[in-house]
Each structure stands twice: as structure tokens, then as C-alpha cells.
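One structure is given below, encoded as C-alpha cells.
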Amino acid sequence: MSAFINRKPWATALLALLFGPFMIMMYLGRGWAAAGYFLLNILLHLSLVISLHNGIIDLDTETGGYFIDGFQRVIAILHGVVLARRMAGSKPSAWFSRWYAVIGVGGLAPLLFLLVVRVFLWEPFTIPSGSNKPSLRVGDLVFVSKHAYGYSTHALPFSLDVFSGRIFFTAPEYGDIAVFKDPRGTGTDYLKRIVGLPGDSIQVIGGILHINGEAVVRTSLELTPGESGSLTPDPDLKRYRERLPNGVEHDIYEVGDSLRFDNTRLFEVPGGHYFAIGDNRDNSLDSRAIGPIPAENLIGRLALILWNDQEQRIRIWD
């Protein structure tokens with residue numbers, strides 16, 4: 001049984017311009033070519049990220065994405081027209097070349113692929129506040145590794161309650177920047193740095209983080225011009241580099257050593273829980289206020305800063 005209409009070159013070119021190579025190859029009944037273009041699209045975007053990260057090309061992320069999309073559409077037009085002419089008005093017999101299959105499979109397959117990636121591999125988040133400056137800035141688009149800590153119900157859309165605990169669990173380490181659900185049950189996602197593991201005692205004294213009774217070593221750093229760690233510029237802003245017990249180093253902001261969270265009670269981190277604090281110590285709502293984080297509430301670990309709409313910014317997290 002043949003497909004619904006002949007594949008004319010002009011119609012093929014128009015559809016290729018509108019929908020790109022994957023769907024036009026399905027329309028022409030070329031299944032392997034469609035799969036090849038789909039994989040090529042992924043590889044080109046990965047190459048863009050790596051090239052920008054290493055300074056190989058001088059483009060912003062958005063422009064690079066438009067360039068890749070335009071390049072693929074030009075190739076789709078040329079390839080599609082050549083194939084349509086070779087077919088000489090014949091109708092492709094492949095089931096996926098029918099209009100309903102092109103729309104159904106061509107439209108749903110990428111969405112299904114993105115859903116699988118988002119649920120099981122990487123999920124994008126946009127940083128809404130400065131609570132993790134200087135590591136993360138307002139407007140940063142970041143990708144979080146969903147498989148880094150295994151999976152709980154919070155890895156699923158809407159935190160669907162289909163199982164309990166975690167599967168394939170790998171414990172967080174000191175210095176990880178983790179995304180987690182508010183342990184108070186508000187449904188809010190938080191992104192903070194892990195500084196306390198199960199069994200640790202955590203306390204902030206005079207603005208200095210103490211882990212198991214030992215003050216974390218911190219070194220004073222110079223601020224860059226225009227740098228601000230609070231919502232408004234503060235002349236008392238200071239930048240330090242902390243070194244956690246496992247040797248991980250990261251920078252923090254401090255405005256003073258006698259503000260709200262600069263002197264806390266002693267927190268004992270229960271088994272199966274973690275203690276997380278924002279790098280912008282005097283402008284962060286974190287475990288000092290909301291308590292330790294149950295392992296089940298962990299969503300993932302920061303893996304990549306992709307871009308910021310205010311500046312070119314890419315970093316693959318260690």
C-alpha cells in the first residue's frame with residue numbers, strides 16, 4: 001500500500017525548510033537517513049558546547065544554535081530535492097512516510113527523547129537568585145545530572161509517588177552543588193552546596209563554617225571591579241576561598257560575620273541526610289533555616305553551566 005501523495009521537489013524543499021532534515025527524510029521514506037540526521041543534530045550541538053567551552057570558536061551559544069539549525073535545513077533542502085527527483089513522482093511505501101506517521105512519529109519522537117533525557121539524564125534549570133554567587137549567577141542556564149545520585153520519585157515529573165527511597169544511589173560528596181526538593185514539603189527546588197554528610201556536626205560561628213568541630217580553612221581573595229554578592233552593592237562585601245575536608249575548594253561571599261546565619265546552633269546531620277549551604281552566605285535560604293536534606297529529596301548534581309542571557313558563559317563542572 002503506497003503513501004498518500006507523490007513527493008514533488010518543490011514541496012519537499014518547502015517542508016525541509018519548515019521542519020528540517022529528520023522529518024523530511026521520514027516524509028521521503030528514508031528511515032536510516034532520518035535516524036542519521038537525528039544523531040547528527042545531537043552531535044553538532046554537543047560539538048558546539050565543547051567548542052565554545054574551549055574557546056575554539058568565537059560565538060555566543062544562541063547564535064551557534066541558530067547557525068547549526070540553519071545549516072541542517074540547507075542540507076535538508078538539497079538532499080531532499082535530490083531524493084525527490086530520483087523518485088520521479090513515485091510514492092514511497094514506508095509506513096512512516098504517511099502524513100499521520102510523519103506528524104506522529106516525527107513530532108512525538110523528539111519529544112519522547114527529550115522527556116527521557118530530562119527524567120533520567122540531565123534536567124535544565126535557570127538560576128533565579130544570587131544565593132550561590134560567585135559560583136552561579138542570576139540567569140545562568142544550568143544542566144543537572146539526574147543520574148549522579150540515582151533516582152527517587154523527585155526525579156520524575158511532578159514527583160510522581162510510584163516507589164520509595166532511592167535506586168542506583170551514589171552518595172553526594174563535600175562540595176557538590178546539588179538540586180533538591182525543600183524538605184519542608186513546599187515543592188520548591190533548591191540548588192546549594194553540600195557541606196555536611198550523614199553523621200557530621202555542622203555549625204557556623206562568627207561567619208566561619210565548622211564541620212565536626214573544625215573550622216573550614218578559608219583564604220581572603222580580591223574582589224573584581226563591580227563585583228557584588230548581595231542584592232544591592234555592599235561596601236562590606238568580602239570574597240573567600242574555602243577548602244572542605246575532602247580538599248574541594250570553592251569561593252564564597254560574606255558581607256559580615258554577625259548577620260542572621262553567621263552564628264547558628266549546632267546541627268547534627270541524621271543518617272540518610274545532607275547539609276547544604278549557599279555560597280553567598282549572607283543571602284541564602286538553606287539548611288541553616290530549612291534543616292538537613294533527606295536523601296530522597298535529592299534531584300541531581302550540577303554538571304554544566306550552559307549560558308547566561310547577559311553574557312557568554314559556559315563551564316563543564318568538575
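Residue numbering restarts at 1 in every chain; chains get A, B, ... in the order shown in the C-alpha cells, and ligands count up from 1 in that same order.
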Contact residues around A:Pro9 with only C-alpha atoms at 8 Å, ignoring same-chain residues under 3 positions, as JSON, numbers by chain: {"A": [12, 13, 80, 81, 82, 84, 85]}
Would you mind exporting the chosen residues as an mmCIF file, in the first residue's frame, restricted to all heavy atoms?
```cif
data_model
loop_
_atom_site.group_PDB
_atom_site.id
_atom_site.type_symbol
_atom_site.label_atom_id
_atom_site.label_comp_id
_atom_site.auth_asym_id
_atom_site.auth_seq_id
_atom_site.Cartn_x
_atom_site.Cartn_y
_atom_site.Cartn_z
ATOM 1 N N THR A 12 8.955 19.208 -1.304
ATOM 2 C CA THR A 12 9.992 18.670 -0.426
ATOM 3 C C THR A 12 10.879 19.781 0.119
ATOM 4 O O THR A 12 11.203 19.822 1.309
ATOM 5 C CB THR A 12 10.847 17.643 -1.183
ATOM 6 O OG1 THR A 12 10.005 16.568 -1.624
ATOM 7 C CG2 THR A 12 11.954 17.093 -0.294
ATOM 8 N N ALA A 13 11.274 20.713 -0.768
ATOM 9 C CA ALA A 13 12.123 21.829 -0.345
ATOM 10 C C ALA A 13 11.414 22.698 0.689
ATOM 11 O O ALA A 13 12.015 23.128 1.687
ATOM 12 C CB ALA A 13 12.519 22.667 -1.559
ATOM 13 N N GLY A 80 16.916 16.594 0.189
ATOM 14 C CA GLY A 80 15.532 16.235 -0.075
ATOM 15 C C GLY A 80 15.141 16.412 -1.529
ATOM 16 O O GLY A 80 14.449 15.562 -2.118
ATOM 17 N N VAL A 81 15.564 17.507 -2.154
ATOM 18 C CA VAL A 81 15.227 17.759 -3.562
ATOM 19 C C VAL A 81 15.861 16.696 -4.461
ATOM 20 O O VAL A 81 15.226 16.199 -5.396
ATOM 21 C CB VAL A 81 15.677 19.178 -3.975
ATOM 22 C CG1 VAL A 81 15.624 19.346 -5.485
ATOM 23 C CG2 VAL A 81 14.797 20.223 -3.306
ATOM 24 N N VAL A 82 17.134 16.343 -4.188
ATOM 25 C CA VAL A 82 17.795 15.303 -4.981
ATOM 26 C C VAL A 82 17.043 13.984 -4.881
ATOM 27 O O VAL A 82 16.787 13.308 -5.893
ATOM 28 C CB VAL A 82 19.259 15.128 -4.512
ATOM 29 C CG1 VAL A 82 19.877 13.880 -5.141
ATOM 30 C CG2 VAL A 82 20.076 16.356 -4.885
ATOM 31 N N ALA A 84 13.850 13.522 -4.051
ATOM 32 C CA ALA A 84 12.525 13.642 -4.663
ATOM 33 C C ALA A 84 12.613 13.512 -6.182
ATOM 34 O O ALA A 84 11.755 12.894 -6.821
ATOM 35 C CB ALA A 84 11.898 14.973 -4.267
ATOM 36 N N ARG A 85 13.656 14.086 -6.782
ATOM 37 C CA ARG A 85 13.821 13.971 -8.232
ATOM 38 C C ARG A 85 14.126 12.536 -8.652
ATOM 39 O O ARG A 85 13.655 12.058 -9.692
ATOM 40 C CB ARG A 85 14.935 14.904 -8.689
ATOM 41 C CG ARG A 85 14.516 16.381 -8.701
ATOM 42 C CD ARG A 85 15.653 17.278 -9.124
ATOM 43 N NE ARG A 85 15.200 18.657 -9.272
ATOM 44 C CZ ARG A 85 16.005 19.680 -9.498
ATOM 45 N NH1 ARG A 85 17.324 19.474 -9.590
ATOM 46 N NH2 ARG A 85 15.512 20.909 -9.616
#
```
All alpha helix (DSSP H) positions in stretch 6-218 of chain A, as a ChimeraX atom specification: /A:9-27,31-53,61-87,99-116
Deliver the residues from the most recent selection as a file, using C-alpha atoms, as a CSV table (one decimal), in the first residue's frame.
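Written out: again.csv:
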```csv
chain,number,residue,atom,x,y,z
A,9,PRO,CA,10.8,18.6,-5.3
A,10,TRP,CA,9.3,22.0,-4.6
A,11,ALA,CA,7.0,20.6,-1.9
A,12,THR,CA,10.0,18.7,-0.4
A,13,ALA,CA,12.1,21.8,-0.3
A,14,LEU,CA,9.4,23.8,1.4
A,15,LEU,CA,8.8,21.1,4.0
A,16,ALA,CA,12.5,20.7,4.6
A,17,LEU,CA,12.8,24.5,5.2
A,18,LEU,CA,9.9,24.4,7.7
A,19,PHE,CA,10.7,21.1,9.5
A,20,GLY,CA,14.3,20.2,9.0
A,21,PRO,CA,16.1,17.0,7.9
A,22,PHE,CA,14.6,14.5,10.3
A,23,MET,CA,11.0,14.9,9.3
A,24,ILE,CA,11.7,15.4,5.6
A,25,MET,CA,13.6,12.1,5.4
A,26,MET,CA,10.6,10.4,7.1
A,27,TYR,CA,8.3,12.1,4.5
A,31,GLY,CA,14.3,5.8,7.7
A,32,TRP,CA,18.0,5.4,8.1
A,33,ALA,CA,18.7,8.9,6.8
A,34,ALA,CA,16.2,10.3,9.3
A,35,ALA,CA,17.9,8.5,12.1
A,36,GLY,CA,21.3,9.7,10.9
A,37,TYR,CA,20.2,13.3,10.8
A,38,PHE,CA,18.7,13.0,14.3
A,39,LEU,CA,22.0,11.7,15.7
A,40,LEU,CA,23.9,14.4,13.7
A,41,ASN,CA,21.8,17.1,15.3
A,42,ILE,CA,22.8,15.9,18.7
A,43,LEU,CA,26.5,15.6,17.8
A,44,LEU,CA,26.5,19.1,16.3
A,45,HIS,CA,25.1,20.7,19.4
A,46,LEU,CA,27.5,18.8,21.7
A,47,SER,CA,30.4,19.9,19.5
A,48,LEU,CA,29.1,23.5,19.8
A,49,VAL,CA,29.1,23.3,23.6
A,50,ILE,CA,32.6,21.8,23.7
A,51,SER,CA,34.0,24.3,21.1
A,52,LEU,CA,32.6,27.2,23.0
A,53,HIS,CA,33.9,25.9,26.3
A,61,THR,CA,25.6,30.0,22.5
A,62,GLU,CA,22.3,31.2,20.9
A,63,THR,CA,23.9,32.3,17.7
A,64,GLY,CA,25.7,29.0,17.4
A,65,GLY,CA,22.4,27.1,17.9
A,66,TYR,CA,20.8,29.2,15.1
A,67,PHE,CA,23.8,28.5,12.8
A,68,ILE,CA,23.5,24.8,13.3
A,69,ASP,CA,19.8,24.8,12.7
A,70,GLY,CA,20.2,26.8,9.6
A,71,PHE,CA,23.0,24.6,8.3
A,72,GLN,CA,20.9,21.5,8.8
A,73,ARG,CA,17.9,23.0,7.0
A,74,VAL,CA,20.0,23.9,4.0
A,75,ILE,CA,21.4,20.4,3.8
A,76,ALA,CA,17.9,19.0,4.2
A,77,ILE,CA,16.6,21.1,1.3
A,78,LEU,CA,19.5,20.0,-1.1
A,79,HIS,CA,19.3,16.3,0.0
A,80,GLY,CA,15.5,16.2,-0.1
A,81,VAL,CA,15.2,17.8,-3.6
A,82,VAL,CA,17.8,15.3,-5.0
A,83,LEU,CA,15.9,12.3,-3.5
A,84,ALA,CA,12.5,13.6,-4.7
A,85,ARG,CA,13.8,14.0,-8.2
A,86,ARG,CA,15.2,10.4,-8.2
A,87,MET,CA,11.9,9.1,-7.1
A,99,TRP,CA,1.2,12.1,6.8
A,100,TYR,CA,-0.1,10.8,10.2
A,101,ALA,CA,3.1,8.9,10.8
A,102,VAL,CA,5.3,11.9,9.9
A,103,ILE,CA,3.3,14.1,12.3
A,104,GLY,CA,3.0,11.4,15.0
A,105,VAL,CA,6.5,9.8,14.9
A,106,GLY,CA,8.3,12.9,13.6
A,107,GLY,CA,6.7,15.1,16.2
A,108,LEU,CA,6.5,12.8,19.2
A,109,ALA,CA,9.8,11.0,18.9
A,110,PRO,CA,11.9,14.1,19.6
A,111,LEU,CA,9.6,15.0,22.5
A,112,LEU,CA,9.9,11.5,23.9
A,113,PHE,CA,13.6,11.6,23.5
A,114,LEU,CA,13.8,14.9,25.4
A,115,LEU,CA,11.5,13.5,28.1
A,116,VAL,CA,13.7,10.5,28.6
```
Contacts of A:Ile205 at 12 Å (only C-alpha atoms; same-chain gap of 3+ positions) as JSON, numbers by chain: {"A": [202, 208, 209, 210, 211, 213, 214, 215, 216, 256, 257, 258, 259, 260, 261, 262, 263, 264, 265, 266]}
Take the residues just selected and output them with N, CA, C and O atoms as a PDB file, in the first residue's frame.
```
ATOM      1  N   ILE A 202      27.480  20.264  62.147  1.00  0.00           N
ATOM      2  CA  ILE A 202      27.685  21.486  61.367  1.00  0.00           C
ATOM      3  C   ILE A 202      27.292  22.693  62.216  1.00  0.00           C
ATOM      4  O   ILE A 202      26.232  22.696  62.854  1.00  0.00           O
ATOM      5  N   ILE A 208      32.158  31.691  60.090  1.00  0.00           N
ATOM      6  CA  ILE A 208      33.043  30.635  59.611  1.00  0.00           C
ATOM      7  C   ILE A 208      32.374  29.275  59.787  1.00  0.00           C
ATOM      8  O   ILE A 208      31.882  28.941  60.875  1.00  0.00           O
ATOM      9  N   LEU A 209      32.347  28.496  58.730  1.00  0.00           N
ATOM     10  CA  LEU A 209      31.754  27.167  58.748  1.00  0.00           C
ATOM     11  C   LEU A 209      32.632  26.210  59.545  1.00  0.00           C
ATOM     12  O   LEU A 209      33.846  26.147  59.335  1.00  0.00           O
ATOM     13  N   HIS A 210      32.010  25.470  60.464  1.00  0.00           N
ATOM     14  CA  HIS A 210      32.705  24.436  61.235  1.00  0.00           C
ATOM     15  C   HIS A 210      32.087  23.079  60.909  1.00  0.00           C
ATOM     16  O   HIS A 210      30.857  22.925  60.949  1.00  0.00           O
ATOM     17  N   ILE A 211      32.943  22.114  60.573  1.00  0.00           N
ATOM     18  CA  ILE A 211      32.495  20.747  60.283  1.00  0.00           C
ATOM     19  C   ILE A 211      33.160  19.808  61.275  1.00  0.00           C
ATOM     20  O   ILE A 211      34.393  19.759  61.366  1.00  0.00           O
ATOM     21  N   GLY A 213      33.446  20.143  64.429  1.00  0.00           N
ATOM     22  CA  GLY A 213      34.231  20.897  65.399  1.00  0.00           C
ATOM     23  C   GLY A 213      35.448  21.598  64.837  1.00  0.00           C
ATOM     24  O   GLY A 213      36.128  22.339  65.568  1.00  0.00           O
ATOM     25  N   GLU A 214      35.756  21.400  63.567  1.00  0.00           N
ATOM     26  CA  GLU A 214      36.923  22.020  62.946  1.00  0.00           C
ATOM     27  C   GLU A 214      36.490  23.144  62.014  1.00  0.00           C
ATOM     28  O   GLU A 214      35.604  22.964  61.172  1.00  0.00           O
ATOM     29  N   ALA A 215      37.133  24.314  62.165  1.00  0.00           N
ATOM     30  CA  ALA A 215      36.837  25.435  61.278  1.00  0.00           C
ATOM     31  C   ALA A 215      37.355  25.141  59.873  1.00  0.00           C
ATOM     32  O   ALA A 215      38.483  24.669  59.697  1.00  0.00           O
ATOM     33  N   VAL A 216      36.517  25.387  58.888  1.00  0.00           N
ATOM     34  CA  VAL A 216      36.939  25.223  57.496  1.00  0.00           C
ATOM     35  C   VAL A 216      37.940  26.326  57.158  1.00  0.00           C
ATOM     36  O   VAL A 216      37.709  27.503  57.434  1.00  0.00           O
ATOM     37  N   GLY A 256      29.229  40.167  56.247  1.00  0.00           N
ATOM     38  CA  GLY A 256      29.655  40.425  57.628  1.00  0.00           C
ATOM     39  C   GLY A 256      29.716  39.114  58.371  1.00  0.00           C
ATOM     40  O   GLY A 256      29.329  38.064  57.852  1.00  0.00           O
ATOM     41  N   ASP A 257      30.185  39.153  59.599  1.00  0.00           N
ATOM     42  CA  ASP A 257      30.304  37.934  60.393  1.00  0.00           C
ATOM     43  C   ASP A 257      29.368  37.911  61.593  1.00  0.00           C
ATOM     44  O   ASP A 257      29.559  37.123  62.524  1.00  0.00           O
ATOM     45  N   SER A 258      28.361  38.790  61.573  1.00  0.00           N
ATOM     46  CA  SER A 258      27.429  38.832  62.706  1.00  0.00           C
ATOM     47  C   SER A 258      25.996  39.004  62.229  1.00  0.00           C
ATOM     48  O   SER A 258      25.164  39.554  62.938  1.00  0.00           O
ATOM     49  N   LEU A 259      25.715  38.515  61.008  1.00  0.00           N
ATOM     50  CA  LEU A 259      24.364  38.614  60.472  1.00  0.00           C
ATOM     51  C   LEU A 259      23.548  37.382  60.859  1.00  0.00           C
ATOM     52  O   LEU A 259      23.983  36.550  61.660  1.00  0.00           O
ATOM     53  N   ARG A 260      22.371  37.235  60.256  1.00  0.00           N
ATOM     54  CA  ARG A 260      21.382  36.252  60.696  1.00  0.00           C
ATOM     55  C   ARG A 260      21.932  34.833  60.807  1.00  0.00           C
ATOM     56  O   ARG A 260      21.712  34.150  61.808  1.00  0.00           O
ATOM     57  N   PHE A 261      22.640  34.372  59.777  1.00  0.00           N
ATOM     58  CA  PHE A 261      23.104  32.982  59.759  1.00  0.00           C
ATOM     59  C   PHE A 261      24.596  32.858  60.046  1.00  0.00           C
ATOM     60  O   PHE A 261      25.194  31.815  59.769  1.00  0.00           O
ATOM     61  N   ASP A 262      25.202  33.893  60.584  1.00  0.00           N
ATOM     62  CA  ASP A 262      26.635  33.845  60.874  1.00  0.00           C
ATOM     63  C   ASP A 262      26.953  33.168  62.202  1.00  0.00           C
ATOM     64  O   ASP A 262      28.116  32.840  62.474  1.00  0.00           O
ATOM     65  N   ASN A 263      25.931  32.968  63.025  1.00  0.00           N
ATOM     66  CA  ASN A 263      26.088  32.235  64.281  1.00  0.00           C
ATOM     67  C   ASN A 263      24.864  31.347  64.463  1.00  0.00           C
ATOM     68  O   ASN A 263      23.763  31.838  64.713  1.00  0.00           O
ATOM     69  N   THR A 264      25.059  30.057  64.260  1.00  0.00           N
ATOM     70  CA  THR A 264      23.938  29.125  64.290  1.00  0.00           C
ATOM     71  C   THR A 264      24.093  28.146  65.445  1.00  0.00           C
ATOM     72  O   THR A 264      25.152  28.028  66.064  1.00  0.00           O
ATOM     73  N   ARG A 265      23.031  27.425  65.695  1.00  0.00           N
ATOM     74  CA  ARG A 265      23.104  26.324  66.647  1.00  0.00           C
ATOM     75  C   ARG A 265      23.899  25.186  66.023  1.00  0.00           C
ATOM     76  O   ARG A 265      24.199  25.195  64.819  1.00  0.00           O
ATOM     77  N   LEU A 266      24.231  24.200  66.804  1.00  0.00           N
ATOM     78  CA  LEU A 266      24.932  23.024  66.308  1.00  0.00           C
ATOM     79  C   LEU A 266      23.925  22.081  65.651  1.00  0.00           C
ATOM     80  O   LEU A 266      22.933  21.681  66.265  1.00  0.00           O
TER      81      LEU A 266
END
```
Per-residue DSSP, stretch 69-315 of chain A, filtered to strand (DSSP E), as a ChimeraX atom specification: /A:122-126,140-145,177-181,189-196,201-205,208-211,214-215,217-221,238-243,249-254,267-268,273-277,293-294,298-308,315
Stretch 133-148 of chain A surroundings by only C-alpha atoms, 7 Å radius, close-in-sequence under 5 positions cut, as a count of residues only: 28
Pairwise distance for atom CA of A:Arg241 and atom CA of A:Ala178, rounded to one decimal in Å: 19.2 Å
Residue with smallest distance to A:Ser93 - pool A:Asn246, A:Ser284, A:Asn297, A:Asn6, counting only C-alpha atoms: A:Asn6
